[in-house]
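To keep things clear, I will list the structure first and then write my remarks on it.
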Amino acid sequence: MCAAVEGVSDLVWFVAPEGSIRYANRRWREYCGPEGGAFGDFVHPADLPDLLAGQEAGEPFEIECRLRRASGGYGRFRVRSAPSAAESGTPAGWICTAKRSEGLESGYHSLAEAMAEAIVVVDEAGTVRYANPAAGKTFGHTPEELVGGKLTRIVPERLRRAQEEGFERYLRTGERRLDWSSMEFRGLHRCGEEIPLEVSFSEFERDGRRYFAGIMRDLTERRRAEEERDRFFKLSLDLLCVASPEGYFTKVNPAFEELLGYTQEELLSRPFMEFVYPEDREATQKEVERLSQGLPTTHFENRYVRADGEHVWLSWRAMRDAERRVVYAAARDVTGERRAKRELVTRAAQQAAVAELGRRALEVSDLGELLDEAARLVARTLGVRFAAVMRLLPDEGRLLLLAGAGWSEEVVGKLHLEAGNGSHAGYTLKSGGPVVIEDLRSERRFKVPETLRKEGVVSGVSEVIRGTNGEHFGVLSAHSTERREFTRNDVDFVCSIANVLAAAIERVREEEELQAYADRLREQAEILDRAHVLVRDLDDRIVFWNSGAEELYGFTREEALGRTSHELLKTVHSKPYAEIKAEILDRGRWSGELVHTTRSGRRVTIASHCVLHRNERGRAAVVLEVNNDITKLRETEKELKRSEARFRTLVQNLEDVISVVDEEGRFLYASPSVRNVLGYGAEEIEGRCGFDLVHPDDLEWASAFFSSVLSGEAKRPEVEVRMRHADGGWRDIEANVADLREDAAVGGVLVTFRDVTERREAERAVHESHARLTSIIEGTREAIFLKDRAGRYVLVNSRTAEVIGRPEGEILGRTDAEIFPPEVAEPLNEADAQVLLTGKPLSVEETLPVGDEIRTFLVTKSAYRDGRGEVGGVIGVATDISNLKRAREALRQSKDLYRAVVENATENIFIVDVETRRILQANPAFRSSLGYTPEEIERLTLYDIVAHDRRSIDRNFERILDLGNYAIGERLYLRKDGTFMDVEVGAAAISYGGRSALCVVAHDITERRRAEEAAEEVREAERNRIARDLHDLVLQHIVGTLQTMQAARLEGAPEAAPELSWQILALREAVRGLRGAIYDLRTDAGQLFARSVRALVEQERELSPERELALLISDDFPEGLPERISTQLIRALREALANVKKHSGADRASVDLDVVGGAACVEVSDNGRGFSEKSRDGGFGISGMRERLALVGGECSVRSEPGAGTRVVFCVPLGGEDRPVP
C-alpha cells in the first residue's frame, strides 16, 4: 500500500492511536516536512478541536482544516479520515488523505491572509478561531498566540464586561444595540496601550456552528492626522470654514470668530448670507452658484459685517466637494490692503499736485498768481471747501489772508488774524509745525476766529511756510465744513506744498534782490564812474589809491602807496600774472576777475578793468586799475544756479511729464517720467507725433484745442484726453498746454501731462457711492441723523428736518436741549448717553412734538465710530409709528368688541376655512346648540354638521365667494346626539389669519318650524272643514236654486225670461268660482305635485277658455316632491298663471315640467305683450315668487321683451333640500 500512495498528488498519512504519525507519503513530506512527531503539531490550533472530535466519534468523517507548511504558515486542506480497525475490532489508527482546498473559500483565505486590515474570527464561546497576520501586527501578538484564546484578550479591561454582556445578550435574544456594519471600538495592544479601531462584524455558520468575523482597521494614524488637521485649522490666521448647500456654515475656525466678533453658535445658526454686506450679496450669490456648478473660486472679494457694525474686506478661495456636498473655503482679511491701495491713490494724486505746483513755480514769475493756484490746488486735492495762504506781517504781529480758495473777494487780501493763539494760523506759527484740527467746535488750544465759525468750518490742517534760513513767510491752511480725519498723507501733502511755496518765494526774492543789486551797480557805475581806483607802475607798485579803494579794502592811502598789489591785497589771478601783464602791454587793456583780501581778512571777488597809460614819449608808464566788488553778485548767481538745479532735479523726478512739442505736435523733448505714464522711454517718444497716441474718438476735438492754443484763442490751458499706453491700453491723461514758441529757452509748445486714470475711476466710484448714500438717506421716509459726542447734530436728512419742524441749517450744530423743551430733550439725551457708554445698538420709543400733536417714533441708535474705531457720536434712524400704535389700539379695541359680541351672542356664529371646509372658530352658542366641546368642534368640517349633500354645500360656497355675502335660507344641521336642528343661514366671505374664510351666522328656527308645522296642521284642518261646508251646504243650495230657476225660465212667462237668464248666468259663474275656491283649499292638502299641477292647469282652462293653455311633463319628472318644495312651487305657479291672465294679454300659454341638472324646473311662457327691463323687478309679483323659491333653496328667472312674450322659470334642487330621514 505504501508504494501505491507514494506517488499520488494528495497528502496521505497514518496516525497511530496515541496521535503520532507512523507513515506519510512523499507529497506530505514535501509540504509538511519529515514524517514523525505528533499529528496535532501540524494542525492549526483553531481546527484541532474539530479534528479530534471527529476521531472520537469513531466514524469516517471529512473536515476542512489548516496544515502547517514546512516553510512556515498554514495551507487550507479538505481532510478525509477513516479508522483502521485491528483484529479485535478496535481502531488501530487513522488513515488520512488531504486535498488542497480550491475555489472561492480558498481564495477568501488567501485574501484574508494578505489583507492589511486585521481579521479575527470567534466562536459562540468567544474563543478566537482565526486571526490573520495583520491582526497579529495590530495587537502585538502572533496569530498563533491569538488563536485559541479569548477575544477579551484584545479588549481593554474597562470594556470587557460590557463586551461580554453584549455578546451574551445577542446570542440569547438576537438584539443588536450597535451598527455591525461600521462602528468604532477600542482595542488593547500587547504593550497595554489602547488602540482606536474601526470595526465591522458579520455572522456566518459552518458545520452547524455559529462564528463571528470582525474586520478591524487601526485608526491611530488617521486620528493623529485628524488631530493635526484640527490643530492647523484652529491655529490658522486665515479664516477657514465649511459650508452646506443650504447656505449655512457647518464649521468655522477661531480666526473667523476673532475677526468678525461673533460666537461660533451665532456663525453656525444663521445663513452666512446674513453676514455679507448688503451691497455685496448679489455678487456673492452668483459666486455661490458658480461653486454649485463645480467651478472653484480662485479669487473673490466681498465685505462681511462685523458684530460691531463695521465691515471688513475678505479675499476668498473655495472649492466644492461634490461627494460630501459641502464647500471648503479659506478667506483672508484684505481690509488693510484695500485701505493701503486707497491711500496709494490719494498719495499719487497728492504727489501729482505737488509736481504740478513745482512745474508752475518754474513757469510763473508772478508770486500772487502762484499762491492763488496753490490754494485752489490744495482745496481740490484734499476735497475741502477752503484753503488759504496767510502772509506774516512781522512788524504788525498779524497774518494777512493773501490768497485763498473758497473765500469771498471781500475777505481775500483784507482779512487780518492774530499771529498768536488768537487763530489757527497763529497757533501754527507758534508751534512751528503742522497743526491738525479734528473738530473746531471743541478746540481749546487757540481762540477760534469768528470768520471760521461763521463759515461752518469743522476740521482743518495747517503748516508753516518756512524758508531755508528758518524765516517764516506765513501759513498754508485747509479747512473743511464737515468733520473729517486728515491722514498722515494729507499732512505730508500740505507740508510739501508749503515747501514748494517756500522755495518759490525764496527764488522770487533772490531774483528780485539780484535785479536790485544789479541796478544799484549800474547806477553806481554811472554815478561814480568806477570809483574804486588804484594806479600801479610797471613793477606792480601802487602809485595812486583813491578813497573808493580805501573804502573797499580798508587800507589807507599811506599804507597802500609803494607796495605791490600782490603784497598788499594777496591777489589771486585767474591765470598767471605774467600772461595778464603781457596782454596789458600788448593790447593796452585787460578785464577779468580777481580775488583780493581786505584789511579785515575777508576775501572778495573783484571785477577788474586795467588800462595802460603811456607818457608823452609813448612809452608804457602806469596801469590804471578800476575794481568793483562783485562778491555778493557771484554768491547770488551761485545760489540761483543751485536753486535752478534743485528745481531741475524736482522736474526730472516729478511723476508728471514735462514735454515740448512743435507746431505739428511732434515731441521735441519729454522728461523721464514719460515711461511711468505712457510706457515709452524719452528717446522713444522724441520725434513722434503726439496725436498718433490720442484715442480716435478724442482726436478731432484734441486737434482743434491744440490749434486754438497756437492761435491764442484757447479759453483755458487744461485738457483731458485718452492716450494709448505702450501696453496697448488707454489712459486718461490730464494735460496743461502753453504756447512758449517765442521763449528762446523753450522754443516750442510746453505740454505737461499726468495719468489720471486711477483718479478718475476713484472719483467716479466716490461720486457713485456718495450719490447712492444721498439717495438712500434722502429717499427714505425714516428720519436719519448723526450727533457728535457732545450731542450736537452734524448730519440730518430732509425727513429729520420735517419732523423737528425747522430748516436743516437751524438744526446742525445744536443739541436737543437747544431745540426741544427739557421734558422732551432729557429722555433723548439719556438714550444717547447709554449708546455712547456701551457702544451697543439701542431701540427705544421716543415721543416728539410734531406740529400740533405728539407723535411716537421707534428710534434705533447705534455708535458711530471713526477710522480708529473710537466712538465719535450716535447715528439714529427714527420711524414714525404713531399711526401704527393708533391702529394697533383700534385693532385691539375692535378685537375686544368682536370677542365680546361673538362670545356673548345668542346666535350661532362660526368661521369656516374656504379650502379645507374645516371649522376654525365657533362661539359658545354654536357649540352649545350642537353639543360639542371647543376641541371637538375644531376637528370637524362643514360637511360633518350640514345635513345636505356636498354638491349643495359647495354650490353655496361658490355663491358666497362670488357675491361677497349671501342669505342661504333654511338649512338643516346635525347635532352631536344625531338629532337635527333647523336653522336660517347667512354667510359672508372674510380674511381670517391671512386665509380665505366664511363667517356664518345660523339662526336656530327649530321651535319656529315646529310652531309653523302645528299652525299648518290647524290651517289644513280648517281648509278641509271650509271646503266640506262649501261643498255640502253652500254649493248644493246654489245648484238647487240654479236648477229651480232654469225650470222656472222654461215654464214661466216670456217677459220674465231675460231677467232669469241673467240671474242663471251669474249663478253659474258663482258655482264655477266656488268650485275653484274649494279646489284651492284642497290643493295644499298633500296631493302629489304633478297631480296638483294638472288640476291647477285644468282649472285655469275652465276659468279662461278663451286662452289656450298647454301642459308638458317630461318622463323623468317625479310625481311627488317634498311637501315644503311642492307647496312653494304650486304657489309660485299660481302667481305666474295669475300674471298671465291679468297682464299678458296672451291667447296662448304653456306650463312645462322638466328635470335640468339635478333640479326640478317649472317653466311658464306666453305670447303676450311682454314688458321692459326697467319694470322687470318692480311688479307682476316677481319679488314674491323669488322669495318663495329662496325659502327652499331655489331660484326664479324671468326673460321678457316688449311684444315678445314672457318666460318665467322656477328651479329647485332635487335630493338636497328635503329633510333627511334620521
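Chain identifiers are assigned as A, B, and so on, following the order in which chains appear in the C-alpha cells; residues are numbered from 1 within each chain, and ligands are numbered from 1 in order of appearance.
Residues within 9 Å of Ala98 in chain A, counting only C-alpha atoms and excluding same-chain residues fewer than 6 positions away, are Asp10, Leu11, Val12, Trp13, Phe77, Arg78, Val79, Arg80 and Ser81 of chain A.
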Quick one: write out the picked residues with N, CA and C atoms as a compact mmCIF listing (two decimals), in the first residue's frame?
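The result, stored in part_34.txt:
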```txt
# COMPACT_ATOMS: atom_id res chain seq x y z
N ASP A 10 -2.25 13.72 -3.58
CA ASP A 10 -2.80 14.11 -2.28
C ASP A 10 -1.81 13.79 -1.17
N LEU A 11 -2.02 14.46 -0.04
CA LEU A 11 -1.23 14.15 1.15
C LEU A 11 -1.85 12.94 1.81
N VAL A 12 -1.05 11.93 2.12
CA VAL A 12 -1.54 10.69 2.75
C VAL A 12 -0.65 10.41 3.95
N TRP A 13 -1.28 10.12 5.07
CA TRP A 13 -0.51 9.76 6.27
C TRP A 13 -1.34 8.86 7.16
N PHE A 77 -6.77 22.66 3.68
CA PHE A 77 -6.97 21.36 3.01
C PHE A 77 -8.33 20.79 3.40
N ARG A 78 -8.81 19.94 2.50
CA ARG A 78 -10.00 19.14 2.77
C ARG A 78 -9.51 17.75 3.19
N VAL A 79 -9.70 17.42 4.47
CA VAL A 79 -9.12 16.19 5.04
C VAL A 79 -10.22 15.13 5.20
N ARG A 80 -9.93 13.95 4.67
CA ARG A 80 -10.80 12.78 4.88
C ARG A 80 -10.06 11.81 5.80
N SER A 81 -10.78 11.33 6.80
CA SER A 81 -10.15 10.45 7.79
C SER A 81 -11.05 9.24 8.03
```
Need the shell around range 208-225 of chain A: protein/DNA/RNA residues with any atom at most 8 Å away, counting only C-alpha atoms. Skip same-chain ones fewer than 2 positions apart. Format as a compact mmCIF listing (two decimals) with N, CA and C atoms, in the first residue's frame?
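Result saved to part_5.txt:
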```txt
# COMPACT_ATOMS: atom_id res chain seq x y z
N GLU A 117 -6.02 44.94 6.80
CA GLU A 117 -6.89 45.06 7.95
C GLU A 117 -6.81 43.77 8.78
N ALA A 118 -6.97 43.96 10.07
CA ALA A 118 -6.96 42.81 10.97
C ALA A 118 -8.28 42.06 10.86
N ILE A 119 -8.21 40.72 10.76
CA ILE A 119 -9.41 39.89 10.69
C ILE A 119 -9.33 38.88 11.82
N VAL A 120 -10.38 38.82 12.65
CA VAL A 120 -10.43 37.89 13.78
C VAL A 120 -11.77 37.17 13.71
N VAL A 121 -11.75 35.83 13.84
CA VAL A 121 -12.98 35.03 13.85
C VAL A 121 -13.09 34.36 15.21
N VAL A 122 -14.28 34.50 15.85
CA VAL A 122 -14.51 33.88 17.16
C VAL A 122 -15.74 33.00 17.06
N ASP A 123 -15.82 32.03 17.97
CA ASP A 123 -17.00 31.16 18.01
C ASP A 123 -17.97 31.67 19.06
N GLU A 124 -19.00 30.90 19.34
CA GLU A 124 -20.04 31.34 20.28
C GLU A 124 -19.51 31.49 21.69
N THR A 138 -1.47 44.24 14.44
CA THR A 138 -2.26 45.30 15.07
C THR A 138 -2.22 45.20 16.59
N ILE A 195 -6.01 50.99 21.44
CA ILE A 195 -5.91 51.30 20.00
C ILE A 195 -7.30 51.68 19.51
N PRO A 196 -7.44 52.85 18.84
CA PRO A 196 -8.73 53.18 18.21
C PRO A 196 -8.92 52.33 16.96
N LEU A 197 -10.07 51.68 16.86
CA LEU A 197 -10.34 50.78 15.74
C LEU A 197 -11.66 51.12 15.08
N GLU A 198 -11.73 50.91 13.77
CA GLU A 198 -12.99 50.94 13.03
C GLU A 198 -13.32 49.48 12.70
N VAL A 199 -14.44 48.97 13.23
CA VAL A 199 -14.75 47.54 13.19
C VAL A 199 -16.05 47.31 12.45
N SER A 200 -16.09 46.24 11.65
CA SER A 200 -17.34 45.75 11.07
C SER A 200 -17.43 44.25 11.34
N PHE A 201 -18.60 43.81 11.84
CA PHE A 201 -18.81 42.40 12.22
C PHE A 201 -19.75 41.73 11.23
N SER A 202 -19.56 40.44 11.09
CA SER A 202 -20.51 39.64 10.32
C SER A 202 -20.61 38.26 10.98
N GLU A 203 -21.75 37.64 10.81
CA GLU A 203 -22.00 36.32 11.39
C GLU A 203 -22.16 35.30 10.26
N PHE A 204 -21.58 34.11 10.46
CA PHE A 204 -21.77 33.05 9.48
C PHE A 204 -21.84 31.70 10.21
N GLU A 205 -22.31 30.70 9.50
CA GLU A 205 -22.48 29.37 10.09
C GLU A 205 -21.67 28.36 9.28
N ARG A 206 -21.04 27.47 9.99
CA ARG A 206 -20.21 26.46 9.32
C ARG A 206 -20.24 25.18 10.13
N GLU A 227 -6.17 65.01 14.20
CA GLU A 227 -5.80 65.95 15.26
C GLU A 227 -4.87 67.03 14.74
N GLU A 228 -3.89 66.62 13.89
CA GLU A 228 -3.00 67.63 13.30
C GLU A 228 -3.79 68.59 12.42
N ARG A 229 -4.72 68.04 11.64
CA ARG A 229 -5.54 68.90 10.78
C ARG A 229 -6.35 69.88 11.62
```
Can you tell me, as a PyMOL selection string, what residues are no more than 9 Å from Lys861 in chain A when counting only C-alpha atoms, ignoring any on the same chain fewer than 2 positions away?
chain A and resi 831-832+835+840-844+859+863+874-878
Residue selection dump (N, CA and C atoms) as a PDB file, in the first residue's frame:
```pdb
ATOM      1  N   ALA A 831     -30.891 108.238  26.269  1.00  0.00           N
ATOM      2  CA  ALA A 831     -30.672 107.142  25.320  1.00  0.00           C
ATOM      3  C   ALA A 831     -29.331 107.307  24.602  1.00  0.00           C
ATOM      4  N   ASP A 832     -29.005 108.560  24.210  1.00  0.00           N
ATOM      5  CA  ASP A 832     -27.713 108.807  23.551  1.00  0.00           C
ATOM      6  C   ASP A 832     -26.565 108.446  24.476  1.00  0.00           C
ATOM      7  N   VAL A 835     -25.909 104.690  24.611  1.00  0.00           N
ATOM      8  CA  VAL A 835     -25.217 104.172  23.429  1.00  0.00           C
ATOM      9  C   VAL A 835     -23.735 104.543  23.463  1.00  0.00           C
ATOM     10  N   LYS A 840     -23.203  99.802  22.136  1.00  0.00           N
ATOM     11  CA  LYS A 840     -24.098  98.806  21.542  1.00  0.00           C
ATOM     12  C   LYS A 840     -25.358  99.480  20.996  1.00  0.00           C
ATOM     13  N   PRO A 841     -25.966  98.904  19.951  1.00  0.00           N
ATOM     14  CA  PRO A 841     -27.200  99.481  19.404  1.00  0.00           C
ATOM     15  C   PRO A 841     -28.328  99.451  20.433  1.00  0.00           C
ATOM     16  N   LEU A 842     -29.251 100.395  20.286  1.00  0.00           N
ATOM     17  CA  LEU A 842     -30.371 100.526  21.224  1.00  0.00           C
ATOM     18  C   LEU A 842     -31.604 100.949  20.442  1.00  0.00           C
ATOM     19  N   SER A 843     -32.729 100.283  20.702  1.00  0.00           N
ATOM     20  CA  SER A 843     -34.007 100.653  20.085  1.00  0.00           C
ATOM     21  C   SER A 843     -34.955 101.128  21.171  1.00  0.00           C
ATOM     22  N   VAL A 844     -35.464 102.344  21.026  1.00  0.00           N
ATOM     23  CA  VAL A 844     -36.353 102.933  22.034  1.00  0.00           C
ATOM     24  C   VAL A 844     -37.496 103.644  21.319  1.00  0.00           C
ATOM     25  N   VAL A 859     -36.985 104.572  17.473  1.00  0.00           N
ATOM     26  CA  VAL A 859     -35.663 105.069  17.121  1.00  0.00           C
ATOM     27  C   VAL A 859     -34.631 103.986  17.406  1.00  0.00           C
ATOM     28  N   ALA A 863     -23.681 103.288  17.841  1.00  0.00           N
ATOM     29  CA  ALA A 863     -22.472 104.099  17.974  1.00  0.00           C
ATOM     30  C   ALA A 863     -21.867 104.359  16.603  1.00  0.00           C
ATOM     31  N   VAL A 874     -23.351 109.399  17.819  1.00  0.00           N
ATOM     32  CA  VAL A 874     -24.503 108.500  17.763  1.00  0.00           C
ATOM     33  C   VAL A 874     -25.193 108.703  16.423  1.00  0.00           C
ATOM     34  N   ILE A 875     -25.489 107.613  15.732  1.00  0.00           N
ATOM     35  CA  ILE A 875     -26.252 107.662  14.491  1.00  0.00           C
ATOM     36  C   ILE A 875     -27.606 107.027  14.758  1.00  0.00           C
ATOM     37  N   GLY A 876     -28.656 107.664  14.306  1.00  0.00           N
ATOM     38  CA  GLY A 876     -30.004 107.190  14.621  1.00  0.00           C
ATOM     39  C   GLY A 876     -30.905 107.152  13.407  1.00  0.00           C
ATOM     40  N   VAL A 877     -31.847 106.208  13.440  1.00  0.00           N
ATOM     41  CA  VAL A 877     -32.886 106.077  12.410  1.00  0.00           C
ATOM     42  C   VAL A 877     -34.225 106.028  13.134  1.00  0.00           C
ATOM     43  N   ALA A 878     -35.092 107.000  12.849  1.00  0.00           N
ATOM     44  CA  ALA A 878     -36.367 107.116  13.554  1.00  0.00           C
ATOM     45  C   ALA A 878     -37.518 106.866  12.586  1.00  0.00           C
TER      46      ALA A 878
END
```
Can you tell me which residues surround Phe275 in chain A at a distance of at most 12 Å, considering only C-alpha atoms, apart from same-chain residues fewer than 5 positions away, and format the answer as a PyMOL selection string?
chain A and resi 247-249+256+260-262+266-270+280-281+284+302-312+314
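Look at range 660-663 of chain A: the protein and nucleic acid residues within 8 Å of it, using only C-alpha atoms and passing over chain neighbours fewer than 2 places away, are Ile658, Gly665, Arg666, Phe667, Leu668, Tyr669, Ala670, Leu710, Val746, Gly748, Val749, Leu750 and Val751 of chain A.
Counting only C-alpha atoms, the residue from A:Thr127, A:Asn627, A:Ser574, A:Asn883 that sits nearest to Asn546 in chain A is A:Asn627.
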If you run DSSP on the backbone here, which positions in range 790-1012 of chain A get strand (DSSP E)? Please write them as a VMD selection string.
chain A and resid 793 to 796 842 to 850 853 to 865 871 to 880 908 to 913 919 to 922 965 to 974 980 to 992 995 to 1004
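Going from CA of Ala70 in chain A over to CA of Pro143 in chain A, you cover 17.2 Å.
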Quick one: DSSP helix (DSSP H, G or I) residues in range 279-433 of chain A, as a PyMOL selection string?
chain A and resi 279-292+335-363+367-382+424-431
Would you put the residues from that selection into a file with C-alpha atoms, as an mmCIF file, in the first residue's frame?
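Here's the written file out.cif:
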```
data_model
loop_
_atom_site.group_PDB
_atom_site.id
_atom_site.type_symbol
_atom_site.label_atom_id
_atom_site.label_comp_id
_atom_site.auth_asym_id
_atom_site.auth_seq_id
_atom_site.Cartn_x
_atom_site.Cartn_y
_atom_site.Cartn_z
ATOM 1 C CA GLU A 279 -24.387 95.590 -1.385
ATOM 2 C CA ASP A 280 -22.190 92.509 -1.932
ATOM 3 C CA ARG A 281 -24.892 89.835 -1.540
ATOM 4 C CA GLU A 282 -25.868 89.674 -5.217
ATOM 5 C CA ALA A 283 -22.263 89.134 -6.341
ATOM 6 C CA THR A 284 -21.730 86.629 -3.523
ATOM 7 C CA GLN A 285 -24.832 84.669 -4.576
ATOM 8 C CA LYS A 286 -23.525 84.481 -8.142
ATOM 9 C CA GLU A 287 -20.191 83.129 -6.861
ATOM 10 C CA VAL A 288 -22.044 80.536 -4.759
ATOM 11 C CA GLU A 289 -23.937 79.453 -7.887
ATOM 12 C CA ARG A 290 -20.604 79.059 -9.719
ATOM 13 C CA LEU A 291 -19.383 76.843 -6.894
ATOM 14 C CA SER A 292 -22.554 74.742 -7.071
ATOM 15 C CA THR A 335 -9.111 95.403 4.541
ATOM 16 C CA GLY A 336 -5.679 96.834 5.223
ATOM 17 C CA GLU A 337 -4.514 96.137 1.682
ATOM 18 C CA ARG A 338 -7.521 97.892 0.178
ATOM 19 C CA ARG A 339 -7.050 100.807 2.563
ATOM 20 C CA ALA A 340 -3.411 100.963 1.523
ATOM 21 C CA LYS A 341 -4.455 100.980 -2.140
ATOM 22 C CA ARG A 342 -6.852 103.839 -1.487
ATOM 23 C CA GLU A 343 -4.147 105.699 0.355
ATOM 24 C CA LEU A 344 -1.780 104.990 -2.522
ATOM 25 C CA VAL A 345 -4.248 106.500 -4.998
ATOM 26 C CA THR A 346 -4.701 109.508 -2.748
ATOM 27 C CA ARG A 347 -0.974 109.834 -2.304
ATOM 28 C CA ALA A 348 -0.401 109.592 -6.048
ATOM 29 C CA ALA A 349 -2.935 112.372 -6.630
ATOM 30 C CA GLN A 350 -1.243 114.469 -3.981
ATOM 31 C CA GLN A 351 2.191 113.842 -5.458
ATOM 32 C CA ALA A 352 0.857 114.826 -8.866
ATOM 33 C CA ALA A 353 -0.494 118.020 -7.356
ATOM 34 C CA VAL A 354 2.890 118.794 -5.762
ATOM 35 C CA ALA A 355 4.603 118.142 -9.086
ATOM 36 C CA GLU A 356 2.089 120.360 -10.863
ATOM 37 C CA LEU A 357 2.763 123.208 -8.461
ATOM 38 C CA GLY A 358 6.524 122.682 -8.780
ATOM 39 C CA ARG A 359 6.234 122.949 -12.548
ATOM 40 C CA ARG A 360 4.113 126.057 -12.241
ATOM 41 C CA ALA A 361 6.620 127.530 -9.801
ATOM 42 C CA LEU A 362 9.254 127.336 -12.550
ATOM 43 C CA GLU A 363 6.950 128.947 -15.110
ATOM 44 C CA LEU A 367 4.066 135.236 -6.914
ATOM 45 C CA GLY A 368 0.433 136.229 -6.316
ATOM 46 C CA GLU A 369 -0.723 134.098 -9.225
ATOM 47 C CA LEU A 370 1.284 131.134 -7.913
ATOM 48 C CA LEU A 371 -0.189 131.487 -4.417
ATOM 49 C CA ASP A 372 -3.729 131.580 -5.816
ATOM 50 C CA GLU A 373 -3.050 128.428 -7.836
ATOM 51 C CA ALA A 374 -1.585 126.727 -4.761
ATOM 52 C CA ALA A 375 -4.701 127.489 -2.679
ATOM 53 C CA ARG A 376 -7.022 126.142 -5.377
ATOM 54 C CA LEU A 377 -4.832 123.052 -5.826
ATOM 55 C CA VAL A 378 -4.859 122.264 -2.102
ATOM 56 C CA ALA A 379 -8.639 122.671 -1.849
ATOM 57 C CA ARG A 380 -9.257 120.498 -4.916
ATOM 58 C CA THR A 381 -6.824 117.736 -3.954
ATOM 59 C CA LEU A 382 -7.930 117.460 -0.317
ATOM 60 C CA HIS A 424 -5.452 128.530 13.860
ATOM 61 C CA ALA A 425 -2.743 130.032 11.615
ATOM 62 C CA GLY A 426 -1.216 131.966 14.509
ATOM 63 C CA TYR A 427 -1.067 128.851 16.659
ATOM 64 C CA THR A 428 0.623 127.032 13.758
ATOM 65 C CA LEU A 429 3.328 129.711 13.626
ATOM 66 C CA LYS A 430 3.805 129.448 17.349
ATOM 67 C CA SER A 431 4.044 125.634 17.345
#
```
Close residues, Arg385 in chain A itself excluded, 7 Å, only C-alpha atoms, min 2 positions apart in chain, as an MDAnalysis selection string:
chainID A and resid 379 383 406 479:481
Write out as an MDAnalysis selection string the residues lying within 9 Å of range 906-919 of chain A, counting only C-alpha atoms and excluding same-chain residues fewer than 3 positions away.
chainID A and resid 902:903 922:929 937:943 957 989 992 995:1004
